[in-house]
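Asks: Okay, here's the structure, questions in a sec.
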Amino acid sequence: MTGIASLVTAMIWIAIRPDLLATYHYNQYIIAVTHLFVLGWLCSVIMGAMYQLVPVALETKLHSETLARWHFVLHTVGFAGMVAMFWVWNMKQVGHFGSVFGFGVILFAYNLTRTLARIPRWNVVAFGISSALFWLVMTMLAGLFLASAKCWPKINPLDPIASMHAHAHLGVLGFFVMMLVAVSYKLIPMFTLSEVQSSRRALTSIVLLNVGLLGLAITILFGSVWKLAFALVTVAGLVCFSIEVLAILRARKRAVLDWGLKQFLVALALLAPLSALAIVLCWPGLPLTALTAQLETVYGVLALLGVLSFAIVGMLHKIIPFLVWYSSYSKQIGRAKVPSLSELYSERLQVISFVLLMLGLAGVTLSATFSHERAVQASCVVLLLGLGAFALNVAKILSHLFRPRLAPLAGPKLVVSP
Amino acid sequence: MNTPLVAQNLVLRTLRQVNDPELDCNIVDLGLIYDIQIEGTKVRVVMTLTTPGCPMHESIRWGVHNVLLSLEGVEEVDVDIVWDPPWNPAMMTPAGRERTGVLF
């Protein structure tokens, strides 16, 4: 809920201030909105889902629910304070709230590391998740260092925009994309009745992403021409990942894919234009013009609003019905006729939401490319309508918490007795 | 040896009332039931799930437990979930394949 509230707030914010996407992205307001989007929306939902998913995916139990609750408190106070302080550009307070957020990250990473330590079989999913946790801690430390450098500029002799870009890549590629790749190797086979076709290929994708990101972070930071080489290594990791996903889908036993999974797969497909744009933007000698500056914004929009948000919304179509079903019906199964997961939501609303979100995303990327404020605004309204359809579906699902739909069992009755 | 107080085919028919909520198909047609042993008033079901780490693990186990306890002549139910042999779609009945749209 915290995540969805942050997403809606961020989208309304951009609809009111479309100049944030239509002008260069190094200013306090877009940094505030970006942190609301990344920490409030993406982090809240992904971290919450990981507490649920990691124990299930890796057949173990969460180390501590108490730590998870404390993390939620620190996370919410931390990111809300950071966003407010970025907006008024009080970097000292950004550092303070960032430390609160960072302490929450440490609790999260510790809790999941202890959880991973007790899994029965170490596999590619666990390797990917542990890599993502490592990069999350690195991102947080880099962020705190950048906030400190704003207060004491002498501690960071490097270009502040390059430092910000390195910090962003650590977070987006290291934590979010790495997590997306890792959980895909569990979720896609599980939902399509398939299995990973080549563990070696899957492992290679994670290794290449780790090597590529390490090199990218350093070369971005120092403005090196080797940036392109490491971008290509990263893209090679994503190509391995894509080949494996296609192989998993080809081997699937379940013919029909539901809309939640389709949206998740569309998000993965958006990695292709994102990678192409990344290669263009790190091409040696690329001149900094108004267009290339805006393409950097589009690159961020495509990653955060396209790949990651679409993947999350797609998975929420699967996770929310499951959580509600579990709460309302898991004790009733075998005692009464309970609805299936697909009966909890409206497929029509899923399609409407998906189409509106796709149109909105296309609109925002195009209008941001050409710095057209009114078009950015209109596209944000379309995105908000898509989120509205999604919210209606969520409300429909949540209604089962308050009014469970149970019916008597229709099978054989008690007919045999001694 | 105790005489079964409930017929095996009735147990199987009763288990058809337990659905996997994700696949929207009953666990018998999904081919999840490996063995049913009946001794007196005790029923032991050996079964599997479609994937290790299935989030519906406990729900389905309880569903089997609950539905069999509703049968007259059944006082105790043991549900053993095993992973060997691992489930595969070839274990589904034709009705199960049709219901889930599974290719095989």
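Going by the structure tokens order, chains are called A, B, ..., each with residues numbered from 1, while ligands are numbered from 1 in the order shown.
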Please provide the set of residues having any atom within 6 Å of A:Leu221, restricted to only C-alpha atoms, with same-chain residues fewer than 3 positions apart removed, written as a PyMOL selection string.
Replies: chain A and resi 162-163+166+218
Asks: Please, could you write that set of residues out with N, CA and C atoms as a short mmCIF file (atom, residue, chain, number, x, y, z; two decimals), in the first residue's frame?
Replies:
data_model
loop_
_atom_site.label_atom_id
_atom_site.label_comp_id
_atom_site.auth_asym_id
_atom_site.auth_seq_id
_atom_site.Cartn_x
_atom_site.Cartn_y
_atom_site.Cartn_z
N ALA A 162 28.38 12.68 -12.78
CA ALA A 162 28.87 11.31 -13.00
C ALA A 162 28.66 10.47 -11.75
N SER A 163 28.90 11.07 -10.58
CA SER A 163 28.70 10.34 -9.31
C SER A 163 27.24 9.93 -9.16
N ALA A 166 26.48 7.06 -11.49
CA ALA A 166 27.03 5.78 -10.99
C ALA A 166 26.12 5.25 -9.87
N ILE A 218 32.51 2.03 -12.16
CA ILE A 218 33.83 2.68 -12.09
C ILE A 218 34.05 3.59 -13.30
#
Asks: Counting only C-alpha atoms, which residues of chain B sit at most 8 Å from some atom of chain A, and what is each one's closest atom pair with its distance in Å to one decimal, listed by chain and rising residue number, as JSON lines?
Replies:
{"residue": "B:Leu5", "atom": "CA", "partner": "A:Pro418", "partner_atom": "CA", "distance": 5.7}
{"residue": "B:Val6", "atom": "CA", "partner": "A:Val416", "partner_atom": "CA", "distance": 5.8}
{"residue": "B:Ala7", "atom": "CA", "partner": "A:Val416", "partner_atom": "CA", "distance": 7.2}
{"residue": "B:Leu10", "atom": "CA", "partner": "A:Pro412", "partner_atom": "CA", "distance": 7.4}
{"residue": "B:Arg13", "atom": "CA", "partner": "A:Pro412", "partner_atom": "CA", "distance": 6.7}
{"residue": "B:Thr14", "atom": "CA", "partner": "A:Pro412", "partner_atom": "CA", "distance": 6.0}
{"residue": "B:Arg16", "atom": "CA", "partner": "A:Gly411", "partner_atom": "CA", "distance": 7.5}
{"residue": "B:Gln17", "atom": "CA", "partner": "A:Gly411", "partner_atom": "CA", "distance": 6.1}
{"residue": "B:Val18", "atom": "CA", "partner": "A:Gly334", "partner_atom": "CA", "distance": 5.6}
{"residue": "B:Asn19", "atom": "CA", "partner": "A:Ser340", "partner_atom": "CA", "distance": 7.8}
{"residue": "B:Asp20", "atom": "CA", "partner": "A:Ser340", "partner_atom": "CA", "distance": 7.7}
{"residue": "B:Pro21", "atom": "CA", "partner": "A:Ser340", "partner_atom": "CA", "distance": 4.3}
{"residue": "B:Glu22", "atom": "CA", "partner": "A:Leu341", "partner_atom": "CA", "distance": 5.6}
{"residue": "B:Leu23", "atom": "CA", "partner": "A:Ser340", "partner_atom": "CA", "distance": 7.9}
{"residue": "B:Asp24", "atom": "CA", "partner": "A:Ser340", "partner_atom": "CA", "distance": 5.5}
{"residue": "B:Thr50", "atom": "CA", "partner": "A:Leu193", "partner_atom": "CA", "distance": 7.9}
{"residue": "B:Thr51", "atom": "CA", "partner": "A:Met190", "partner_atom": "CA", "distance": 6.8}
{"residue": "B:Pro52", "atom": "CA", "partner": "A:Glu59", "partner_atom": "CA", "distance": 7.4}
{"residue": "B:Gly53", "atom": "CA", "partner": "A:Glu59", "partner_atom": "CA", "distance": 5.1}
{"residue": "B:Cys54", "atom": "CA", "partner": "A:Val56", "partner_atom": "CA", "distance": 7.0}
{"residue": "B:Pro55", "atom": "CA", "partner": "A:Val56", "partner_atom": "CA", "distance": 6.1}
{"residue": "B:Ser59", "atom": "CA", "partner": "A:Ser330", "partner_atom": "CA", "distance": 5.0}
{"residue": "B:Ile60", "atom": "CA", "partner": "A:Ile333", "partner_atom": "CA", "distance": 7.3}
{"residue": "B:Trp62", "atom": "CA", "partner": "A:Ile333", "partner_atom": "CA", "distance": 7.2}
{"residue": "B:Gly63", "atom": "CA", "partner": "A:Gly334", "partner_atom": "CA", "distance": 4.1}
{"residue": "B:Val64", "atom": "CA", "partner": "A:Gly334", "partner_atom": "CA", "distance": 6.2}
{"residue": "B:His65", "atom": "CA", "partner": "A:Gly334", "partner_atom": "CA", "distance": 7.5}
{"residue": "B:Asn66", "atom": "CA", "partner": "A:Gly334", "partner_atom": "CA", "distance": 5.1}
{"residue": "B:Val67", "atom": "CA", "partner": "A:Gly334", "partner_atom": "CA", "distance": 4.3}
{"residue": "B:Leu68", "atom": "CA", "partner": "A:Gly334", "partner_atom": "CA", "distance": 8.0}
{"residue": "B:Ser70", "atom": "CA", "partner": "A:Leu414", "partner_atom": "CA", "distance": 7.5}
{"residue": "B:Leu71", "atom": "CA", "partner": "A:Leu414", "partner_atom": "CA", "distance": 5.1}
{"residue": "B:Glu72", "atom": "CA", "partner": "A:Leu414", "partner_atom": "CA", "distance": 5.2}
{"residue": "B:Gly73", "atom": "CA", "partner": "A:Ser417", "partner_atom": "CA", "distance": 5.6}
{"residue": "B:Pro89", "atom": "CA", "partner": "A:Lys253", "partner_atom": "CA", "distance": 7.1}
{"residue": "B:Thr100", "atom": "CA", "partner": "A:Arg254", "partner_atom": "CA", "distance": 7.3}
{"residue": "B:Gly101", "atom": "CA", "partner": "A:Ala255", "partner_atom": "CA", "distance": 5.8}
{"residue": "B:Val102", "atom": "CA", "partner": "A:Arg254", "partner_atom": "CA", "distance": 4.4}
{"residue": "B:Leu103", "atom": "CA", "partner": "A:Lys253", "partner_atom": "CA", "distance": 4.8}
{"residue": "B:Phe104", "atom": "CA", "partner": "A:Lys253", "partner_atom": "CA", "distance": 6.5}
Asks: Could you dump the residues just selected with C-alpha atoms as a PDB file, in the first residue's frame?
Replies:
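Everything below was put into part.pdb:
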ATOM      1  CA  LEU B   5     -14.344 -48.337   6.668  1.00  0.00           C
ATOM      2  CA  VAL B   6     -14.402 -46.131   3.624  1.00  0.00           C
ATOM      3  CA  ALA B   7     -14.059 -47.056  -0.039  1.00  0.00           C
ATOM      4  CA  LEU B  10     -14.991 -42.548  -2.578  1.00  0.00           C
ATOM      5  CA  ARG B  13     -13.942 -38.736  -5.639  1.00  0.00           C
ATOM      6  CA  THR B  14     -13.921 -36.662  -2.472  1.00  0.00           C
ATOM      7  CA  ARG B  16     -11.712 -33.997  -6.504  1.00  0.00           C
ATOM      8  CA  GLN B  17     -13.312 -31.264  -4.399  1.00  0.00           C
ATOM      9  CA  VAL B  18      -9.885 -29.847  -3.522  1.00  0.00           C
ATOM     10  CA  ASN B  19      -8.689 -27.457  -6.222  1.00  0.00           C
ATOM     11  CA  ASP B  20      -5.286 -25.955  -6.878  1.00  0.00           C
ATOM     12  CA  PRO B  21      -6.424 -22.312  -6.869  1.00  0.00           C
ATOM     13  CA  GLU B  22      -3.666 -21.164  -9.242  1.00  0.00           C
ATOM     14  CA  LEU B  23      -4.394 -23.762 -11.940  1.00  0.00           C
ATOM     15  CA  ASP B  24      -8.131 -23.928 -11.127  1.00  0.00           C
ATOM     16  CA  THR B  50       3.336 -29.026  -9.052  1.00  0.00           C
ATOM     17  CA  THR B  51       6.534 -27.333  -7.872  1.00  0.00           C
ATOM     18  CA  PRO B  52       8.734 -27.463  -4.764  1.00  0.00           C
ATOM     19  CA  GLY B  53       8.239 -24.221  -2.891  1.00  0.00           C
ATOM     20  CA  CYS B  54       4.647 -24.017  -4.138  1.00  0.00           C
ATOM     21  CA  PRO B  55       3.067 -21.124  -2.205  1.00  0.00           C
ATOM     22  CA  SER B  59      -3.401 -24.717   1.999  1.00  0.00           C
ATOM     23  CA  ILE B  60      -3.654 -27.786  -0.229  1.00  0.00           C
ATOM     24  CA  TRP B  62      -5.106 -28.691   4.849  1.00  0.00           C
ATOM     25  CA  GLY B  63      -7.690 -28.961   2.088  1.00  0.00           C
ATOM     26  CA  VAL B  64      -7.000 -32.692   1.730  1.00  0.00           C
ATOM     27  CA  HIS B  65      -7.084 -33.111   5.491  1.00  0.00           C
ATOM     28  CA  ASN B  66     -10.350 -31.203   5.910  1.00  0.00           C
ATOM     29  CA  VAL B  67     -12.246 -32.771   3.053  1.00  0.00           C
ATOM     30  CA  LEU B  68     -11.395 -36.345   4.066  1.00  0.00           C
ATOM     31  CA  SER B  70     -15.799 -34.800   6.430  1.00  0.00           C
ATOM     32  CA  LEU B  71     -16.291 -38.421   5.285  1.00  0.00           C
ATOM     33  CA  GLU B  72     -18.171 -40.719   7.570  1.00  0.00           C
ATOM     34  CA  GLY B  73     -15.880 -43.528   8.691  1.00  0.00           C
ATOM     35  CA  PRO B  89       2.206 -32.711 -16.715  1.00  0.00           C
ATOM     36  CA  THR B 100      -5.849 -26.174 -17.549  1.00  0.00           C
ATOM     37  CA  GLY B 101      -4.956 -25.889 -21.225  1.00  0.00           C
ATOM     38  CA  VAL B 102      -1.752 -27.798 -20.591  1.00  0.00           C
ATOM     39  CA  LEU B 103       0.152 -28.926 -23.668  1.00  0.00           C
ATOM     40  CA  PHE B 104       1.592 -32.408 -23.727  1.00  0.00           C
TER      41      PHE B 104
END
Asks: From the DSSP assignment of the backbone, select every residue of stretch 12-86 of chain B that is strand (DSSP E), and format the answer as a PyMOL selection string.
Replies: chain B and resi 19-20+25-26+33-39+42-47+76-81
Asks: Give me the residues near B:Asp29 as a tab-separated table (two decimals) with N, CA and C atoms, in the first residue's frame, where near means some atom within 6 Å (using only C-alpha atoms) and where sequence neighbours in that chain fewer than 2 positions away do not count.
Replies:
chain	number	residue	atom	x	y	z
B	26	ASN	N	-8.84	-29.62	-10.03
B	26	ASN	CA	-8.74	-30.42	-8.81
B	26	ASN	C	-7.46	-31.25	-8.78
B	27	ILE	N	-7.07	-31.61	-7.56
B	27	ILE	CA	-5.74	-32.23	-7.39
B	27	ILE	C	-5.68	-33.65	-7.94
B	31	GLY	N	-3.13	-34.92	-11.20
B	31	GLY	CA	-2.18	-36.04	-11.04
B	31	GLY	C	-1.30	-35.89	-9.82
B	92	MET	N	-1.13	-35.76	-15.50
B	92	MET	CA	-2.50	-35.24	-15.47
B	92	MET	C	-3.44	-36.14	-16.25
B	93	THR	N	-4.70	-36.13	-15.85
B	93	THR	CA	-5.71	-36.87	-16.61
B	93	THR	C	-6.07	-36.04	-17.85
B	96	GLY	N	-7.96	-33.07	-16.80
B	96	GLY	CA	-7.10	-32.05	-16.18
B	96	GLY	C	-6.39	-31.22	-17.24
Asks: Between atom CA of A:Ser379 and atom CA of A:Leu398, what is the spacing in Å?
Replies: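 So the two atoms, atom CA of A:Leu398 and atom CA of A:Ser379, lie 28.4 Å apart.
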Asks: With distances taken over only C-alpha atoms, which residue among B:Arg99, B:Pro94, B:Arg61, B:Glu76 lies nearest B:Gln37?
Replies: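 Ranking B:Arg99, B:Pro94, B:Arg61, B:Glu76 by distance to B:Gln37, first place goes to B:Glu76.
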Asks: A:Leu216, A:Leu385, A:Val239, A:Ile248: which is nearest A:Ser199, counting only C-alpha atoms?
Replies: A:Ile248
Asks: As a ChimeraX atom specification, which residues of chain B does DSSP assign to helix (DSSP H, G or I)?
Replies: /B:8-15,57-69,89-91,94-100
Asks: Write the residues of the selection above to a file with N, CA and C atoms, as a short mmCIF file (atom, residue, chain, number, x, y, z; two decimals), in the first residue's frame.
Replies:
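Here's the written file selection_5.cif:
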data_model
loop_
_atom_site.label_atom_id
_atom_site.label_comp_id
_atom_site.auth_asym_id
_atom_site.auth_seq_id
_atom_site.Cartn_x
_atom_site.Cartn_y
_atom_site.Cartn_z
N GLN B 8 -12.01 -46.75 -1.31
CA GLN B 8 -10.93 -45.97 -1.91
C GLN B 8 -11.44 -45.04 -3.01
N ASN B 9 -12.40 -45.58 -3.81
CA ASN B 9 -12.89 -44.71 -4.91
C ASN B 9 -13.68 -43.52 -4.36
N LEU B 10 -14.29 -43.68 -3.18
CA LEU B 10 -14.99 -42.55 -2.58
C LEU B 10 -13.98 -41.49 -2.11
N VAL B 11 -12.86 -41.97 -1.56
CA VAL B 11 -11.81 -41.03 -1.13
C VAL B 11 -11.32 -40.24 -2.34
N LEU B 12 -11.10 -40.95 -3.44
CA LEU B 12 -10.60 -40.29 -4.65
C LEU B 12 -11.62 -39.26 -5.17
N ARG B 13 -12.90 -39.67 -5.16
CA ARG B 13 -13.94 -38.74 -5.64
C ARG B 13 -14.04 -37.53 -4.73
N THR B 14 -13.85 -37.77 -3.44
CA THR B 14 -13.92 -36.66 -2.47
C THR B 14 -12.75 -35.69 -2.69
N LEU B 15 -11.60 -36.26 -2.99
CA LEU B 15 -10.42 -35.40 -3.20
C LEU B 15 -10.57 -34.49 -4.43
N HIS B 57 1.33 -24.74 -0.71
CA HIS B 57 1.70 -25.98 -0.04
C HIS B 57 0.78 -26.31 1.15
N GLU B 58 0.77 -25.43 2.15
CA GLU B 58 0.01 -25.72 3.38
C GLU B 58 -1.49 -25.71 3.14
N SER B 59 -1.96 -24.81 2.26
CA SER B 59 -3.40 -24.72 2.00
C SER B 59 -3.91 -26.03 1.42
N ILE B 60 -3.18 -26.56 0.43
CA ILE B 60 -3.65 -27.79 -0.23
C ILE B 60 -3.58 -28.97 0.74
N ARG B 61 -2.51 -29.01 1.52
CA ARG B 61 -2.40 -30.08 2.53
C ARG B 61 -3.61 -30.04 3.48
N TRP B 62 -3.97 -28.82 3.94
CA TRP B 62 -5.11 -28.69 4.85
C TRP B 62 -6.42 -29.00 4.15
N GLY B 63 -6.49 -28.66 2.85
CA GLY B 63 -7.69 -28.96 2.09
C GLY B 63 -7.95 -30.46 2.04
N VAL B 64 -6.88 -31.23 1.78
CA VAL B 64 -7.00 -32.69 1.73
C VAL B 64 -7.43 -33.22 3.10
N HIS B 65 -6.79 -32.71 4.12
CA HIS B 65 -7.08 -33.11 5.49
C HIS B 65 -8.55 -32.83 5.84
N ASN B 66 -8.98 -31.61 5.55
CA ASN B 66 -10.35 -31.20 5.91
C ASN B 66 -11.40 -32.01 5.16
N VAL B 67 -11.20 -32.16 3.85
CA VAL B 67 -12.25 -32.77 3.05
C VAL B 67 -12.40 -34.26 3.41
N LEU B 68 -11.29 -34.92 3.74
CA LEU B 68 -11.40 -36.35 4.07
C LEU B 68 -12.00 -36.55 5.46
N LEU B 69 -11.72 -35.62 6.35
CA LEU B 69 -12.32 -35.74 7.69
C LEU B 69 -13.85 -35.57 7.64
N PRO B 89 3.55 -32.79 -16.14
CA PRO B 89 2.21 -32.71 -16.72
C PRO B 89 1.70 -34.02 -17.31
N ALA B 90 2.61 -34.97 -17.60
CA ALA B 90 2.16 -36.26 -18.14
C ALA B 90 1.30 -37.00 -17.12
N MET B 91 1.41 -36.61 -15.85
CA MET B 91 0.64 -37.28 -14.80
C MET B 91 -0.81 -36.80 -14.76
N PRO B 94 -6.69 -36.66 -18.86
CA PRO B 94 -7.12 -35.86 -20.02
C PRO B 94 -8.04 -34.70 -19.60
N ALA B 95 -8.91 -34.95 -18.60
CA ALA B 95 -9.81 -33.89 -18.13
C ALA B 95 -9.01 -32.74 -17.54
N GLY B 96 -7.96 -33.07 -16.80
CA GLY B 96 -7.10 -32.05 -16.18
C GLY B 96 -6.39 -31.22 -17.24
N ARG B 97 -5.90 -31.90 -18.28
CA ARG B 97 -5.19 -31.17 -19.36
C ARG B 97 -6.14 -30.22 -20.09
N GLU B 98 -7.35 -30.71 -20.29
CA GLU B 98 -8.32 -29.87 -20.99
C GLU B 98 -8.68 -28.65 -20.15
N ARG B 99 -8.85 -28.88 -18.85
CA ARG B 99 -9.27 -27.80 -17.96
C ARG B 99 -8.19 -26.71 -17.85
N THR B 100 -6.93 -27.14 -17.78
CA THR B 100 -5.85 -26.17 -17.55
C THR B 100 -5.21 -25.68 -18.84
#
Asks: Quick one: everything within 10 Å of stretch 200-202 of chain A, counting only C-alpha atoms, minus sequence neighbours fewer than 2 positions away in the same chain. Send it as a PDB file with C-alpha atoms, in the first residue's frame.
Replies:
ATOM      1  CA  VAL A 124      21.095 -19.476  -9.504  1.00  0.00           C
ATOM      2  CA  VAL A 125      18.106 -17.720  -7.914  1.00  0.00           C
ATOM      3  CA  GLY A 128      21.126 -13.542  -8.082  1.00  0.00           C
ATOM      4  CA  VAL A 181      16.492 -11.505 -13.477  1.00  0.00           C
ATOM      5  CA  ALA A 182      16.932 -13.747 -10.412  1.00  0.00           C
ATOM      6  CA  TYR A 185      14.229 -17.894 -13.092  1.00  0.00           C
ATOM      7  CA  VAL A 196      15.070 -23.545 -16.350  1.00  0.00           C
ATOM      8  CA  GLN A 197      16.519 -25.030 -19.548  1.00  0.00           C
ATOM      9  CA  SER A 198      20.198 -24.260 -18.972  1.00  0.00           C
ATOM     10  CA  THR A 204      26.332 -16.772 -16.933  1.00  0.00           C
ATOM     11  CA  SER A 205      23.701 -14.034 -17.158  1.00  0.00           C
ATOM     12  CA  ILE A 206      24.099 -13.208 -13.443  1.00  0.00           C
ATOM     13  CA  VAL A 207      27.922 -13.304 -13.617  1.00  0.00           C
ATOM     14  CA  GLY A 237      24.201 -10.706 -19.599  1.00  0.00           C
ATOM     15  CA  CYS A 240      21.785 -14.564 -22.044  1.00  0.00           C
ATOM     16  CA  PHE A 241      18.839 -13.899 -19.747  1.00  0.00           C
ATOM     17  CA  SER A 242      16.488 -13.254 -22.683  1.00  0.00           C
ATOM     18  CA  ILE A 243      17.590 -16.437 -24.482  1.00  0.00           C
ATOM     19  CA  GLU A 244      16.961 -18.448 -21.318  1.00  0.00           C
ATOM     20  CA  VAL A 245      13.514 -16.876 -20.779  1.00  0.00           C
TER      21      VAL A 245
END
Asks: Skipping near chain neighbours, those fewer than 4 positions away, what residues fall within 12 Å of stretch 107-111 of chain A using only C-alpha atoms, listed as a ChimeraX atom specification?
Replies: /A:43-44,46-48,50-51,54-55,61-75,100-103,115-118,129-138,140,175
Asks: Need to verify the contact set: A:Asp19, 10 Å, only C-alpha atoms, exclusion of same-chain residues closer than 5 positions in sequence. Can you return it as a VMD selection string?
Replies: chain A and resid 14 24 to 25 30 368 371 to 374 376 to 377
Asks: Could you write out the selected residues, including C-alpha atoms, as a PDB file, in the first residue's frame?
Replies:
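again_12.pdb, written as the output of this step:
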ATOM      1  CA  ILE A  14       4.749  14.888 -12.596  1.00  0.00           C
ATOM      2  CA  TYR A  24      17.408  18.291 -17.814  1.00  0.00           C
ATOM      3  CA  HIS A  25      17.254  15.913 -14.876  1.00  0.00           C
ATOM      4  CA  ILE A  30      13.343  15.696 -10.171  1.00  0.00           C
ATOM      5  CA  ALA A 368      10.080  13.788 -22.813  1.00  0.00           C
ATOM      6  CA  SER A 371      10.661  18.298 -24.207  1.00  0.00           C
ATOM      7  CA  HIS A 372       6.955  18.780 -24.863  1.00  0.00           C
ATOM      8  CA  GLU A 373       5.460  19.695 -21.477  1.00  0.00           C
ATOM      9  CA  ARG A 374       1.764  19.476 -22.426  1.00  0.00           C
ATOM     10  CA  VAL A 376       4.111  14.879 -20.842  1.00  0.00           C
ATOM     11  CA  GLN A 377       1.146  16.102 -18.821  1.00  0.00           C
TER      12      GLN A 377
END
Asks: Near A:Thr297, counting only C-alpha atoms, which residues have an atom at most 8 Å away, once you skip same-chain residues fewer than 2 positions from it, shown as a list in words?
Replies: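 Close residues of A:Thr297: Leu21, Tyr24, His25, Ala293, Gln294, Leu295, Tyr299, Gly300, Val301, Ala368 and Thr369 of chain A.
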